[in-house]
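Let me begin by presenting the structure, written as structure tokens, before commenting on it.
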Amino acid sequence: MPAPHTLDGWYVLHDFRTIRREAWKETDPHTAAAVLRDFGAFVQGELEAQRARLGSFGQFVIAGTKADLLFLYMRPTIGELNDVKARFEATRLADFTERAYSYVSVVELGGYLAKPGVDVEQDEALQLRLKPPVPEMRYVCFYPMNKRRTHPDNWYMLDEDERRKHLMAHGRIGRQFAGKVKQVISGSVGLDDWEWGVTLYADDPIHFKKLIYEMRFDESSARFAEFGPFYVGEQVDAEGLTKWMMTLHG
């Protein structure tokens, strides 16, 4: 089957971290405060890049024990993602963290969204979707996923019309949550261990459960979708991160 055309935007790094608790708690309060002030300067630089439309940034406190923090970066190139990672590693806060998980992908849209004769680079609506800022919504949910490739439910052996039928039905469920959940799909074939990364944002985390539960009953998910681990967190600003870290410090 011919591979469908995709529109590709900014590269994405989901960087999950755990706090080295013993080392952090052993730090005296003045040093801990200085570490967080220094990190605030790093965050400010990331937010300025987002305002200038040079990239995107978000930071989240993760629920559960898979990780403590998520730093989400978007940049036009892999090289720029590597530069951001290096700048994070140069912060004093990085010395008090360990990597829990990471995911590399690129924002992806269906090629059918590019209307004939339209220059994608000049289409403001498409550019905003291909290079999205991190929404000012309170919660995030991230998970990787694949489309199944085993008989008889091999997504990649379906013809174009059948794939389109499944995607249209899938999309109708998503539209029921318009205004409640914002979704960013990023492709990761050849970039990471799964085929897509899905990042959801909402002001009420129960919407994540309801949306994904509804989609589990959709035929395209029930037959063809394989899901990886789920990470849920709360978005925090510099003040919120400082408060959480100092609570952890004790």
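Scheme for the structure tokens: letters A, B, ... for chains in order shown; per-chain residue numbers from 1; ligand numbers from 1 in order shown.
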Legend entry - region 152-167 of chain A surroundings by only C-alpha atoms, 10 Å radius, close-in-sequence under 5 positions cut, as number ranges by chain: A: 1-4, 146-147, 172, 218-225
Give me a file of those residues, with N, CA and C atoms, as a PDB file, in the first residue's frame.
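New file result31.pdb:
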ATOM      1  N   MET A   1       0.840  -1.185   0.000  1.00  0.00           N
ATOM      2  CA  MET A   1       0.000   0.000   0.000  1.00  0.00           C
ATOM      3  C   MET A   1       0.884   1.247   0.000  1.00  0.00           C
ATOM      4  N   PRO A   2       0.515   2.285  -0.757  1.00  0.00           N
ATOM      5  CA  PRO A   2       1.315   3.513  -0.720  1.00  0.00           C
ATOM      6  C   PRO A   2       1.211   4.180   0.647  1.00  0.00           C
ATOM      7  N   ALA A   3       2.339   4.681   1.142  1.00  0.00           N
ATOM      8  CA  ALA A   3       2.336   5.347   2.440  1.00  0.00           C
ATOM      9  C   ALA A   3       1.656   6.705   2.310  1.00  0.00           C
ATOM     10  N   PRO A   4       0.725   7.033   3.222  1.00  0.00           N
ATOM     11  CA  PRO A   4       0.066   8.338   3.147  1.00  0.00           C
ATOM     12  C   PRO A   4       1.055   9.463   3.447  1.00  0.00           C
ATOM     13  N   ASN A 146       1.234   2.426  19.007  1.00  0.00           N
ATOM     14  CA  ASN A 146       1.478   1.824  17.696  1.00  0.00           C
ATOM     15  C   ASN A 146       0.152   1.484  17.037  1.00  0.00           C
ATOM     16  N   LYS A 147       0.200   1.280  15.732  1.00  0.00           N
ATOM     17  CA  LYS A 147      -0.879   0.619  15.021  1.00  0.00           C
ATOM     18  C   LYS A 147      -0.471  -0.845  14.822  1.00  0.00           C
ATOM     19  N   ARG A 172     -14.554  11.740  15.005  1.00  0.00           N
ATOM     20  CA  ARG A 172     -15.844  12.186  15.541  1.00  0.00           C
ATOM     21  C   ARG A 172     -15.855  12.100  17.065  1.00  0.00           C
ATOM     22  N   ASP A 218     -14.012   2.463  19.951  1.00  0.00           N
ATOM     23  CA  ASP A 218     -13.992   2.732  18.519  1.00  0.00           C
ATOM     24  C   ASP A 218     -13.254   1.588  17.821  1.00  0.00           C
ATOM     25  N   GLU A 219     -13.746   1.168  16.668  1.00  0.00           N
ATOM     26  CA  GLU A 219     -13.176  -0.008  15.996  1.00  0.00           C
ATOM     27  C   GLU A 219     -11.694   0.184  15.671  1.00  0.00           C
ATOM     28  N   SER A 220     -11.295   1.380  15.274  1.00  0.00           N
ATOM     29  CA  SER A 220      -9.897   1.583  14.893  1.00  0.00           C
ATOM     30  C   SER A 220      -8.956   1.387  16.079  1.00  0.00           C
ATOM     31  N   SER A 221      -9.427   1.750  17.294  1.00  0.00           N
ATOM     32  CA  SER A 221      -8.610   1.499  18.488  1.00  0.00           C
ATOM     33  C   SER A 221      -8.737   0.063  18.963  1.00  0.00           C
ATOM     34  N   ALA A 222      -9.977  -0.425  18.996  1.00  0.00           N
ATOM     35  CA  ALA A 222     -10.206  -1.780  19.513  1.00  0.00           C
ATOM     36  C   ALA A 222      -9.456  -2.826  18.694  1.00  0.00           C
ATOM     37  N   ARG A 223      -9.371  -2.627  17.378  1.00  0.00           N
ATOM     38  CA  ARG A 223      -8.725  -3.615  16.518  1.00  0.00           C
ATOM     39  C   ARG A 223      -7.252  -3.331  16.276  1.00  0.00           C
ATOM     40  N   PHE A 224      -6.883  -2.052  16.181  1.00  0.00           N
ATOM     41  CA  PHE A 224      -5.561  -1.750  15.636  1.00  0.00           C
ATOM     42  C   PHE A 224      -4.608  -1.033  16.593  1.00  0.00           C
ATOM     43  N   ALA A 225      -5.065  -0.521  17.723  1.00  0.00           N
ATOM     44  CA  ALA A 225      -4.201   0.322  18.562  1.00  0.00           C
ATOM     45  C   ALA A 225      -3.510  -0.474  19.661  1.00  0.00           C
TER      46      ALA A 225
END
So which bits of region 139-227 of chain A end up alpha helix (DSSP H) when you DSSP the backbone, as an mmCIF file with all heavy atoms, in the first residue's frame?
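Contents of the output file out-v3.cif:
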data_model
loop_
_atom_site.group_PDB
_atom_site.id
_atom_site.type_symbol
_atom_site.label_atom_id
_atom_site.label_comp_id
_atom_site.auth_asym_id
_atom_site.auth_seq_id
_atom_site.Cartn_x
_atom_site.Cartn_y
_atom_site.Cartn_z
ATOM 1 N N GLU A 160 -6.672 2.548 1.323
ATOM 2 C CA GLU A 160 -6.813 3.940 1.737
ATOM 3 C C GLU A 160 -8.236 4.271 2.172
ATOM 4 O O GLU A 160 -8.454 4.975 3.174
ATOM 5 C CB GLU A 160 -6.388 4.863 0.587
ATOM 6 C CG GLU A 160 -6.421 6.342 0.950
ATOM 7 C CD GLU A 160 -5.934 7.219 -0.181
ATOM 8 O OE1 GLU A 160 -5.500 6.667 -1.217
ATOM 9 O OE2 GLU A 160 -6.008 8.452 -0.038
ATOM 10 N N ASP A 161 -9.223 3.773 1.471
ATOM 11 C CA ASP A 161 -10.609 4.079 1.807
ATOM 12 C C ASP A 161 -10.992 3.526 3.174
ATOM 13 O O ASP A 161 -11.703 4.180 3.948
ATOM 14 C CB ASP A 161 -11.554 3.521 0.742
ATOM 15 C CG ASP A 161 -11.485 4.300 -0.563
ATOM 16 O OD1 ASP A 161 -10.995 5.456 -0.534
ATOM 17 O OD2 ASP A 161 -11.896 3.757 -1.604
ATOM 18 N N GLU A 162 -10.513 2.319 3.476
ATOM 19 C CA GLU A 162 -10.859 1.727 4.771
ATOM 20 C C GLU A 162 -10.162 2.469 5.907
ATOM 21 O O GLU A 162 -10.759 2.708 6.963
ATOM 22 C CB GLU A 162 -10.481 0.244 4.790
ATOM 23 C CG GLU A 162 -11.062 -0.497 5.993
ATOM 24 C CD GLU A 162 -10.947 -1.996 5.881
ATOM 25 O OE1 GLU A 162 -10.410 -2.482 4.857
ATOM 26 O OE2 GLU A 162 -11.392 -2.688 6.804
ATOM 27 N N ARG A 163 -8.902 2.858 5.694
ATOM 28 C CA ARG A 163 -8.216 3.651 6.719
ATOM 29 C C ARG A 163 -8.949 4.965 6.952
ATOM 30 O O ARG A 163 -9.124 5.409 8.092
ATOM 31 C CB ARG A 163 -6.766 3.921 6.311
ATOM 32 C CG ARG A 163 -5.849 2.719 6.360
ATOM 33 C CD ARG A 163 -4.380 3.145 6.418
ATOM 34 N NE ARG A 163 -4.033 4.078 5.360
ATOM 35 C CZ ARG A 163 -3.579 3.725 4.150
ATOM 36 N NH1 ARG A 163 -3.436 2.426 3.869
ATOM 37 N NH2 ARG A 163 -3.267 4.624 3.248
ATOM 38 N N ARG A 164 -9.379 5.606 5.867
ATOM 39 C CA ARG A 164 -10.081 6.880 5.993
ATOM 40 C C ARG A 164 -11.376 6.722 6.776
ATOM 41 O O ARG A 164 -11.728 7.553 7.613
ATOM 42 C CB ARG A 164 -10.362 7.473 4.623
ATOM 43 C CG ARG A 164 -11.018 8.865 4.677
ATOM 44 C CD ARG A 164 -11.328 9.421 3.309
ATOM 45 N NE ARG A 164 -10.113 9.669 2.546
ATOM 46 C CZ ARG A 164 -9.760 8.973 1.460
ATOM 47 N NH1 ARG A 164 -10.535 7.987 1.017
ATOM 48 N NH2 ARG A 164 -8.658 9.260 0.809
ATOM 49 N N LYS A 165 -12.094 5.629 6.528
ATOM 50 C CA LYS A 165 -13.344 5.379 7.252
ATOM 51 C C LYS A 165 -13.085 5.270 8.750
ATOM 52 O O LYS A 165 -13.805 5.864 9.562
ATOM 53 C CB LYS A 165 -13.978 4.082 6.734
ATOM 54 C CG LYS A 165 -15.279 3.707 7.436
ATOM 55 C CD LYS A 165 -15.703 2.286 7.097
ATOM 56 C CE LYS A 165 -14.769 1.261 7.744
ATOM 57 N NZ LYS A 165 -15.252 -0.136 7.558
ATOM 58 N N HIS A 166 -12.046 4.532 9.124
ATOM 59 C CA HIS A 166 -11.718 4.385 10.543
ATOM 60 C C HIS A 166 -11.309 5.718 11.151
ATOM 61 O O HIS A 166 -11.720 6.061 12.276
ATOM 62 C CB HIS A 166 -10.583 3.375 10.714
ATOM 63 C CG HIS A 166 -11.006 1.950 10.541
ATOM 64 N ND1 HIS A 166 -11.959 1.349 11.318
ATOM 65 C CD2 HIS A 166 -10.583 0.989 9.666
ATOM 66 C CE1 HIS A 166 -12.121 0.098 10.950
ATOM 67 N NE2 HIS A 166 -11.292 -0.149 9.945
ATOM 68 N N LEU A 167 -10.501 6.480 10.446
ATOM 69 C CA LEU A 167 -10.016 7.752 10.987
ATOM 70 C C LEU A 167 -11.141 8.764 11.134
ATOM 71 O O LEU A 167 -11.143 9.557 12.083
ATOM 72 C CB LEU A 167 -8.905 8.305 10.095
ATOM 73 C CG LEU A 167 -7.599 7.497 10.116
ATOM 74 C CD1 LEU A 167 -6.620 8.037 9.077
ATOM 75 C CD2 LEU A 167 -6.965 7.524 11.505
ATOM 76 N N MET A 168 -12.099 8.752 10.230
ATOM 77 C CA MET A 168 -13.231 9.671 10.341
ATOM 78 C C MET A 168 -14.066 9.350 11.576
ATOM 79 O O MET A 168 -14.474 10.245 12.324
ATOM 80 C CB MET A 168 -14.086 9.614 9.074
ATOM 81 C CG MET A 168 -13.441 10.259 7.854
ATOM 82 S SD MET A 168 -14.464 10.122 6.357
ATOM 83 C CE MET A 168 -15.900 11.084 6.851
ATOM 84 N N ALA A 169 -14.308 8.061 11.820
ATOM 85 C CA ALA A 169 -15.071 7.661 13.013
ATOM 86 C C ALA A 169 -14.301 8.012 14.273
ATOM 87 O O ALA A 169 -14.876 8.488 15.270
ATOM 88 C CB ALA A 169 -15.364 6.161 12.956
ATOM 89 N N HIS A 170 -12.994 7.799 14.235
ATOM 90 C CA HIS A 170 -12.135 8.128 15.372
ATOM 91 C C HIS A 170 -12.182 9.626 15.647
ATOM 92 O O HIS A 170 -12.254 10.066 16.800
ATOM 93 C CB HIS A 170 -10.705 7.682 15.043
ATOM 94 C CG HIS A 170 -9.829 7.514 16.238
ATOM 95 N ND1 HIS A 170 -10.023 6.524 17.176
ATOM 96 C CD2 HIS A 170 -8.733 8.213 16.656
ATOM 97 C CE1 HIS A 170 -9.090 6.607 18.109
ATOM 98 N NE2 HIS A 170 -8.308 7.630 17.811
ATOM 99 N N GLY A 171 -12.131 10.414 14.585
ATOM 100 C CA GLY A 171 -12.150 11.860 14.725
ATOM 101 C C GLY A 171 -13.440 12.389 15.310
ATOM 102 O O GLY A 171 -13.437 13.388 16.040
ATOM 103 N N ARG A 172 -14.554 11.740 15.005
ATOM 104 C CA ARG A 172 -15.844 12.186 15.541
ATOM 105 C C ARG A 172 -15.855 12.100 17.065
ATOM 106 O O ARG A 172 -16.424 12.950 17.748
ATOM 107 C CB ARG A 172 -16.990 11.360 14.947
ATOM 108 C CG ARG A 172 -17.368 11.777 13.539
ATOM 109 C CD ARG A 172 -18.712 11.205 13.132
ATOM 110 N NE ARG A 172 -18.665 9.760 12.992
ATOM 111 C CZ ARG A 172 -18.361 9.121 11.869
ATOM 112 N NH1 ARG A 172 -18.038 9.812 10.776
ATOM 113 N NH2 ARG A 172 -18.364 7.801 11.817
ATOM 114 N N ILE A 173 -15.209 11.070 17.616
ATOM 115 C CA ILE A 173 -15.134 10.940 19.076
ATOM 116 C C ILE A 173 -14.301 12.085 19.638
ATOM 117 O O ILE A 173 -14.681 12.731 20.624
ATOM 118 C CB ILE A 173 -14.525 9.581 19.472
ATOM 119 C CG1 ILE A 173 -15.454 8.453 19.029
ATOM 120 C CG2 ILE A 173 -14.297 9.517 20.986
ATOM 121 C CD1 ILE A 173 -14.862 7.069 19.217
ATOM 122 N N GLY A 174 -13.167 12.365 19.015
ATOM 123 C CA GLY A 174 -12.312 13.439 19.487
ATOM 124 C C GLY A 174 -13.015 14.783 19.479
ATOM 125 O O GLY A 174 -12.839 15.594 20.411
ATOM 126 N N ARG A 175 -13.842 15.027 18.464
ATOM 127 C CA ARG A 175 -14.526 16.316 18.377
ATOM 128 C C ARG A 175 -15.557 16.513 19.478
ATOM 129 O O ARG A 175 -15.934 17.644 19.799
ATOM 130 C CB ARG A 175 -15.169 16.465 16.996
ATOM 131 C CG ARG A 175 -14.141 16.759 15.903
ATOM 132 C CD ARG A 175 -14.806 17.157 14.597
ATOM 133 N NE ARG A 175 -15.512 16.053 13.965
ATOM 134 C CZ ARG A 175 -14.931 15.155 13.162
ATOM 135 N NH1 ARG A 175 -13.632 15.228 12.913
ATOM 136 N NH2 ARG A 175 -15.636 14.191 12.604
ATOM 137 N N ILE A 206 -10.106 14.283 34.412
ATOM 138 C CA ILE A 206 -11.096 13.227 34.162
ATOM 139 C C ILE A 206 -11.424 13.150 32.672
ATOM 140 O O ILE A 206 -11.837 12.096 32.170
ATOM 141 C CB ILE A 206 -12.368 13.458 34.995
ATOM 142 C CG1 ILE A 206 -13.171 12.153 35.126
ATOM 143 C CG2 ILE A 206 -13.222 14.555 34.415
ATOM 144 C CD1 ILE A 206 -12.462 11.070 35.905
ATOM 145 N N HIS A 207 -11.203 14.254 31.943
ATOM 146 C CA HIS A 207 -11.463 14.230 30.500
ATOM 147 C C HIS A 207 -10.509 13.275 29.780
ATOM 148 O O HIS A 207 -10.870 12.724 28.730
ATOM 149 C CB HIS A 207 -11.356 15.628 29.913
ATOM 150 C CG HIS A 207 -12.425 16.568 30.396
ATOM 151 N ND1 HIS A 207 -13.745 16.199 30.517
ATOM 152 C CD2 HIS A 207 -12.360 17.865 30.794
ATOM 153 C CE1 HIS A 207 -14.451 17.222 30.961
ATOM 154 N NE2 HIS A 207 -13.639 18.240 31.139
ATOM 155 N N PHE A 208 -9.288 13.100 30.293
ATOM 156 C CA PHE A 208 -8.366 12.131 29.684
ATOM 157 C C PHE A 208 -8.991 10.734 29.741
ATOM 158 O O PHE A 208 -9.002 9.994 28.755
ATOM 159 C CB PHE A 208 -7.023 12.122 30.416
ATOM 160 C CG PHE A 208 -6.291 13.430 30.407
ATOM 161 C CD1 PHE A 208 -5.534 13.817 31.508
ATOM 162 C CD2 PHE A 208 -6.325 14.270 29.313
ATOM 163 C CE1 PHE A 208 -4.840 15.013 31.515
ATOM 164 C CE2 PHE A 208 -5.645 15.467 29.301
ATOM 165 C CZ PHE A 208 -4.902 15.839 30.409
ATOM 166 N N LYS A 209 -9.481 10.377 30.918
ATOM 167 C CA LYS A 209 -10.083 9.051 31.100
ATOM 168 C C LYS A 209 -11.287 8.871 30.192
ATOM 169 O O LYS A 209 -11.422 7.835 29.511
ATOM 170 C CB LYS A 209 -10.501 8.853 32.565
ATOM 171 C CG LYS A 209 -11.191 7.529 32.853
ATOM 172 C CD LYS A 209 -11.581 7.435 34.320
ATOM 173 C CE LYS A 209 -12.208 6.081 34.637
ATOM 174 N NZ LYS A 209 -13.513 5.888 33.968
ATOM 175 N N LYS A 210 -12.165 9.864 30.163
ATOM 176 C CA LYS A 210 -13.391 9.734 29.378
ATOM 177 C C LYS A 210 -13.095 9.659 27.880
ATOM 178 O O LYS A 210 -13.693 8.851 27.159
ATOM 179 C CB LYS A 210 -14.335 10.892 29.697
ATOM 180 C CG LYS A 210 -14.904 10.832 31.113
ATOM 181 C CD LYS A 210 -15.902 11.932 31.364
ATOM 182 C CE LYS A 210 -16.491 11.830 32.763
ATOM 183 N NZ LYS A 210 -17.251 10.573 32.959
ATOM 184 N N LEU A 211 -12.172 10.496 27.408
ATOM 185 C CA LEU A 211 -11.829 10.488 25.988
ATOM 186 C C LEU A 211 -11.219 9.154 25.570
ATOM 187 O O LEU A 211 -11.644 8.528 24.587
ATOM 188 C CB LEU A 211 -10.857 11.629 25.684
ATOM 189 C CG LEU A 211 -10.198 11.607 24.299
ATOM 190 C CD1 LEU A 211 -11.243 11.717 23.204
ATOM 191 C CD2 LEU A 211 -9.170 12.734 24.174
ATOM 192 N N ILE A 212 -10.230 8.681 26.312
ATOM 193 C CA ILE A 212 -9.533 7.450 25.934
ATOM 194 C C ILE A 212 -10.453 6.240 26.107
ATOM 195 O O ILE A 212 -10.421 5.291 25.312
ATOM 196 C CB ILE A 212 -8.228 7.312 26.741
ATOM 197 C CG1 ILE A 212 -7.281 8.437 26.333
ATOM 198 C CG2 ILE A 212 -7.568 5.962 26.498
ATOM 199 C CD1 ILE A 212 -6.095 8.632 27.250
ATOM 200 N N TYR A 213 -11.322 6.285 27.123
ATOM 201 C CA TYR A 213 -12.287 5.195 27.307
ATOM 202 C C TYR A 213 -13.243 5.122 26.121
ATOM 203 O O TYR A 213 -13.519 4.035 25.586
ATOM 204 C CB TYR A 213 -13.055 5.419 28.609
ATOM 205 C CG TYR A 213 -14.009 4.305 28.965
ATOM 206 C CD1 TYR A 213 -13.535 3.034 29.284
ATOM 207 C CD2 TYR A 213 -15.377 4.524 28.992
ATOM 208 C CE1 TYR A 213 -14.406 2.013 29.620
ATOM 209 C CE2 TYR A 213 -16.260 3.517 29.329
ATOM 210 C CZ TYR A 213 -15.768 2.255 29.644
ATOM 211 O OH TYR A 213 -16.638 1.245 29.970
ATOM 212 N N GLU A 214 -13.746 6.274 25.690
ATOM 213 C CA GLU A 214 -14.626 6.306 24.516
ATOM 214 C C GLU A 214 -13.902 5.731 23.298
ATOM 215 O O GLU A 214 -14.470 4.948 22.528
ATOM 216 C CB GLU A 214 -15.067 7.744 24.224
ATOM 217 C CG GLU A 214 -16.065 8.309 25.200
ATOM 218 C CD GLU A 214 -17.487 7.900 24.895
ATOM 219 O OE1 GLU A 214 -17.737 7.421 23.773
ATOM 220 O OE2 GLU A 214 -18.337 8.030 25.783
ATOM 221 N N MET A 215 -12.655 6.119 23.121
ATOM 222 C CA MET A 215 -11.926 5.688 21.930
ATOM 223 C C MET A 215 -11.584 4.206 21.965
ATOM 224 O O MET A 215 -11.418 3.586 20.913
ATOM 225 C CB MET A 215 -10.668 6.540 21.756
ATOM 226 C CG MET A 215 -10.986 7.950 21.283
ATOM 227 S SD MET A 215 -9.523 8.855 20.765
ATOM 228 C CE MET A 215 -10.294 10.277 19.953
ATOM 229 N N ARG A 216 -11.487 3.623 23.147
ATOM 230 C CA ARG A 216 -11.221 2.185 23.218
ATOM 231 C C ARG A 216 -12.332 1.373 22.555
ATOM 232 O O ARG A 216 -12.109 0.264 22.095
ATOM 233 C CB ARG A 216 -11.052 1.738 24.673
ATOM 234 C CG ARG A 216 -9.785 2.260 25.370
ATOM 235 C CD ARG A 216 -8.544 1.563 24.877
ATOM 236 N NE ARG A 216 -7.333 2.168 25.408
ATOM 237 C CZ ARG A 216 -6.620 1.705 26.423
ATOM 238 N NH1 ARG A 216 -7.026 0.627 27.054
ATOM 239 N NH2 ARG A 216 -5.524 2.306 26.819
ATOM 240 N N GLU A 219 -13.746 1.168 16.668
ATOM 241 C CA GLU A 219 -13.176 -0.008 15.996
ATOM 242 C C GLU A 219 -11.694 0.184 15.671
ATOM 243 O O GLU A 219 -10.903 -0.756 15.799
ATOM 244 C CB GLU A 219 -13.941 -0.316 14.712
ATOM 245 C CG GLU A 219 -13.470 -1.602 14.038
ATOM 246 C CD GLU A 219 -14.242 -1.934 12.779
ATOM 247 O OE1 GLU A 219 -15.113 -1.127 12.381
ATOM 248 O OE2 GLU A 219 -13.979 -3.005 12.185
ATOM 249 N N SER A 220 -11.295 1.380 15.274
ATOM 250 C CA SER A 220 -9.897 1.583 14.893
ATOM 251 C C SER A 220 -8.956 1.387 16.079
ATOM 252 O O SER A 220 -7.832 0.908 15.922
ATOM 253 C CB SER A 220 -9.698 2.980 14.289
ATOM 254 O OG SER A 220 -9.939 3.986 15.242
ATOM 255 N N SER A 221 -9.427 1.750 17.294
ATOM 256 C CA SER A 221 -8.610 1.499 18.488
ATOM 257 C C SER A 221 -8.737 0.063 18.963
ATOM 258 O O SER A 221 -7.749 -0.592 19.298
ATOM 259 C CB SER A 221 -9.010 2.450 19.623
ATOM 260 O OG SER A 221 -8.624 3.768 19.345
ATOM 261 N N ALA A 222 -9.977 -0.425 18.996
ATOM 262 C CA ALA A 222 -10.206 -1.780 19.513
ATOM 263 C C ALA A 222 -9.456 -2.826 18.694
ATOM 264 O O ALA A 222 -8.937 -3.809 19.239
ATOM 265 C CB ALA A 222 -11.709 -2.085 19.511
ATOM 266 N N ARG A 223 -9.371 -2.627 17.378
ATOM 267 C CA ARG A 223 -8.725 -3.615 16.518
ATOM 268 C C ARG A 223 -7.252 -3.331 16.276
ATOM 269 O O ARG A 223 -6.451 -4.267 16.166
ATOM 270 C CB ARG A 223 -9.447 -3.670 15.171
ATOM 271 C CG ARG A 223 -10.818 -4.308 15.194
ATOM 272 C CD ARG A 223 -11.418 -4.326 13.805
ATOM 273 N NE ARG A 223 -10.557 -5.036 12.854
ATOM 274 C CZ ARG A 223 -10.722 -4.990 11.527
ATOM 275 N NH1 ARG A 223 -11.698 -4.250 11.013
ATOM 276 N NH2 ARG A 223 -9.929 -5.658 10.734
ATOM 277 N N PHE A 224 -6.883 -2.052 16.181
ATOM 278 C CA PHE A 224 -5.561 -1.750 15.636
ATOM 279 C C PHE A 224 -4.608 -1.033 16.593
ATOM 280 O O PHE A 224 -3.422 -0.919 16.275
ATOM 281 C CB PHE A 224 -5.726 -0.882 14.376
ATOM 282 C CG PHE A 224 -6.530 -1.533 13.293
ATOM 283 C CD1 PHE A 224 -7.831 -1.133 13.017
ATOM 284 C CD2 PHE A 224 -5.999 -2.576 12.539
ATOM 285 C CE1 PHE A 224 -8.577 -1.730 12.022
ATOM 286 C CE2 PHE A 224 -6.732 -3.188 11.535
ATOM 287 C CZ PHE A 224 -8.024 -2.771 11.278
#
Legend entry - Spatial neighbours of region 6-19 of chain A, 9 Å, only C-alpha atoms, chain gap at least 5 places, as a ChimeraX atom specification: /A:24,55-56,62,65-78,80-81,85,96-114,120,127,129-132,142,186-187
Legend entry - Among listed residues A:Gly190, A:Gly179, A:Pro205, A:Gly228, nearest Met145 (chain A) (using only C-alpha atoms):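 Counting only C-alpha atoms, the residue closest to Met145 (chain A) is A:Gly228.
If you measure from each of A:Pro135, A:Gly240, A:Pro116, A:Gly250 to Lys25 (chain A) using only C-alpha atoms, the closest one turns out to be A:Gly250.
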Legend entry - region 72-216 of chain A: residues DSSP assigns to strand (DSSP E or B), reported as an NGL selection string: :A and (72-75 or 97-110 or 139-147 or 149-150 or 153-154 or 181-187 or 196-202)
Legend entry - Among the residues A:Pro144, A:Ala49, A:Arg21, A:Arg37, the one that comes closest to Asp192 (chain A) [using only C-alpha atoms]: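 Ranked by minimum distance to Asp192 (chain A), first place goes to A:Pro144.
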Inset, instruction - With a distance cut-off of 12 Å and only C-alpha atoms, select the neighbouring residues of Ala33 (chain A), excluding the residue or stretch itself and same-chain residues fewer than 6 positions from it, and output the selection as a ChimeraX atom specification. - result: /A:24,27,39-40,92-93,239,241-243,245-247,249
Inset, instruction - Please provide as JSON, numbers by chain all residues within 6 Å of Gln235 (chain A), with the sequence filter that same-chain residues fewer than 3 positions apart are discarded (counting only C-alpha atoms). - result: {"A": [59, 60, 138, 139]}
